[in-house]
Amino acid sequence: MKLKELFQHIKFLYNKTFSSKYVVKGKCKACGKCCRSIVFYDGEDLIKTEEQFEKAKLKNKRMNMFEISGVDETDGALTFVCKSLRPDGKCGAYWIRSMFCREYPFVVPDFIRNNGQTLEGCGYSFGVDKEFKEYLK
Ligand code: SF4
Ligand code: SF4
């Protein structure tokens with residue numbers, strides 16, 4: 001390996017290790033909004049009709065844990081509410097909830113780069129672990 005390539009490789013590893021990363025900031029307010037604003041895909045298609053939902057339930061029994069809560073105005077997708085959500089906004093299956101629920105909200109860099117945000121009013125937000133001005137110090 002030439003010296004120049006080696007240098008570029010080290011620079012790449014340095015940047016990868018020490019450059020800022022997207023992180024989730026804040027705290028859950030237990031409002032339950034994310035548990036009642038869920039959208040589902042059947043394959044690559046957003047579920048937009050009750051018929052699609054019924055078919056998806058036959059393929060995946062876990063879908064029976066949800067019921068239709070409304071329609072997303074931006075894309076016409078049906079929204080779903082989890083049947084374990086309690087009226088006070090807390091999770092009725094907290095200790096046995098899925099990894100999906102435990103890890104929400106997820107850091108998806110492309111989504112954040114395109115101004116993707118957490119749900120309105122959510123206690124979490126996306127940010128970076130090191131602000132630009134800190135690099136200038
Ligand atoms: S299992 Fe709990 S955290 Fe997960 S969607 Fe249902 S109510 Fe929300
Ligand atoms: S929308 Fe945000 S604050 Fe509300 S329950 Fe979900 S994660 Fe927590």
# chains A, B, ... in the order shown; residues from 1 in each chain; ligands from 1
>>> select_by_dssp(residues="region 2-107 of chain A", states="strand (DSSP E or B)", output="list of chain:residue names")
A:Tyr22, A:Val23, A:Val24, A:Lys25, A:Gly26, A:Ile38, A:Tyr41, A:Asp42, A:Asp45, A:Leu46, A:Phe66, A:Glu67, A:Ile68, A:Ser69, A:Gly70, A:Val71, A:Leu78, A:Thr79, A:Phe80, A:Val81, A:Cys82, A:Leu85, A:Cys91
>>> write_last_selection(atoms="C-alpha atoms", output="PDB file, in the first residue's frame")
ATOM      1  CA  TYR A  22     -26.740  11.278  15.326  1.00  0.00           C
ATOM      2  CA  VAL A  23     -28.198  10.479  18.714  1.00  0.00           C
ATOM      3  CA  VAL A  24     -31.573  10.455  20.417  1.00  0.00           C
ATOM      4  CA  LYS A  25     -31.933  13.179  23.047  1.00  0.00           C
ATOM      5  CA  GLY A  26     -34.581  13.798  25.674  1.00  0.00           C
ATOM      6  CA  ILE A  38     -48.252   3.385  13.919  1.00  0.00           C
ATOM      7  CA  TYR A  41     -46.322  -2.072   5.430  1.00  0.00           C
ATOM      8  CA  ASP A  42     -47.497  -5.220   3.720  1.00  0.00           C
ATOM      9  CA  ASP A  45     -46.947  -1.241   0.304  1.00  0.00           C
ATOM     10  CA  LEU A  46     -48.243   0.975   3.056  1.00  0.00           C
ATOM     11  CA  PHE A  66     -53.354  -3.526  16.781  1.00  0.00           C
ATOM     12  CA  GLU A  67     -56.525  -1.853  15.630  1.00  0.00           C
ATOM     13  CA  ILE A  68     -57.154   1.005  13.223  1.00  0.00           C
ATOM     14  CA  SER A  69     -56.931   4.446  14.861  1.00  0.00           C
ATOM     15  CA  GLY A  70     -57.220   6.758  11.858  1.00  0.00           C
ATOM     16  CA  VAL A  71     -55.693   7.846   8.572  1.00  0.00           C
ATOM     17  CA  LEU A  78     -54.059   3.795   7.971  1.00  0.00           C
ATOM     18  CA  THR A  79     -52.724   4.465  11.463  1.00  0.00           C
ATOM     19  CA  PHE A  80     -52.959   1.839  14.177  1.00  0.00           C
ATOM     20  CA  VAL A  81     -53.167   1.805  17.943  1.00  0.00           C
ATOM     21  CA  CYS A  82     -51.685  -0.951  20.059  1.00  0.00           C
ATOM     22  CA  LEU A  85     -51.910   1.030  25.338  1.00  0.00           C
ATOM     23  CA  CYS A  91     -47.909   0.699  28.199  1.00  0.00           C
TER      24      CYS A  91
END
>>> closest_atom_pairs(of="chain A", to="ligand 2", cutoff="8 Å", atoms="only C-alpha atoms and all ligand atoms", output="CSV")
residue,atom,partner,partner_atom_place_in_ligand_line,distance
A:Lys27,CA,ligand 2,3 (S),6.8
A:Cys28,CA,ligand 2,8 (Fe),3.7
A:Lys29,CA,ligand 2,3 (S),4.0
A:Ala30,CA,ligand 2,5 (S),4.0
A:Cys31,CA,ligand 2,4 (Fe),4.0
A:Gly32,CA,ligand 2,5 (S),3.9
A:Lys33,CA,ligand 2,1 (S),4.4
A:Cys34,CA,ligand 2,6 (Fe),4.1
A:Cys35,CA,ligand 2,6 (Fe),6.5
A:Gly89,CA,ligand 2,5 (S),7.1
A:Lys90,CA,ligand 2,5 (S),7.5
A:Tyr104,CA,ligand 2,7 (S),6.6
A:Pro105,CA,ligand 2,7 (S),6.6
A:Thr118,CA,ligand 2,2 (Fe),7.2
A:Leu119,CA,ligand 2,1 (S),5.8
A:Glu120,CA,ligand 2,1 (S),7.6
A:Gly121,CA,ligand 2,1 (S),6.8
A:Cys122,CA,ligand 2,2 (Fe),3.7
A:Gly123,CA,ligand 2,3 (S),4.2
A:Tyr124,CA,ligand 2,2 (Fe),5.7
>>> closest_residue(among="A:Asp88, A:Glu134, A:Asp72, A:Glu50", to="ligand 1", atoms="only C-alpha atoms and all ligand atoms")
A:Asp88
>>> closest_residue(among="A:Ser37, A:Ala93, A:Phe18, A:Ser98", to="Arg62 (chain A)", atoms="only C-alpha atoms")
A:Ser98
>>> select_by_dssp(residues="chain A", states="helix (DSSP H, G or I)", output="JSON, numbers by chain")
{"A": [3, 4, 5, 6, 7, 8, 9, 10, 11, 12, 13, 14, 15, 16, 17, 18, 33, 34, 35, 50, 51, 52, 53, 54, 55, 56, 57, 58, 59, 61, 62, 63, 64, 65, 94, 95, 96, 99, 100, 101, 102, 103, 109, 110, 111, 112, 113, 132, 133, 134, 135]}
>>> closest_residue(among="A:Met63, A:Ile112, A:Ile10, A:Leu3", to="ligand 1", atoms="only C-alpha atoms and all ligand atoms")
A:Met63
>>> closest_residue(among="A:Pro109, A:Gly92, A:Gly116, A:Gly127", to="ligand 1", atoms="only C-alpha atoms and all ligand atoms")
A:Gly92
>>> closest_residue(among="A:Lys21, A:Ala77, A:Tyr94, A:Lys2", to="Val107 (chain A)", atoms="only C-alpha atoms")
A:Lys21
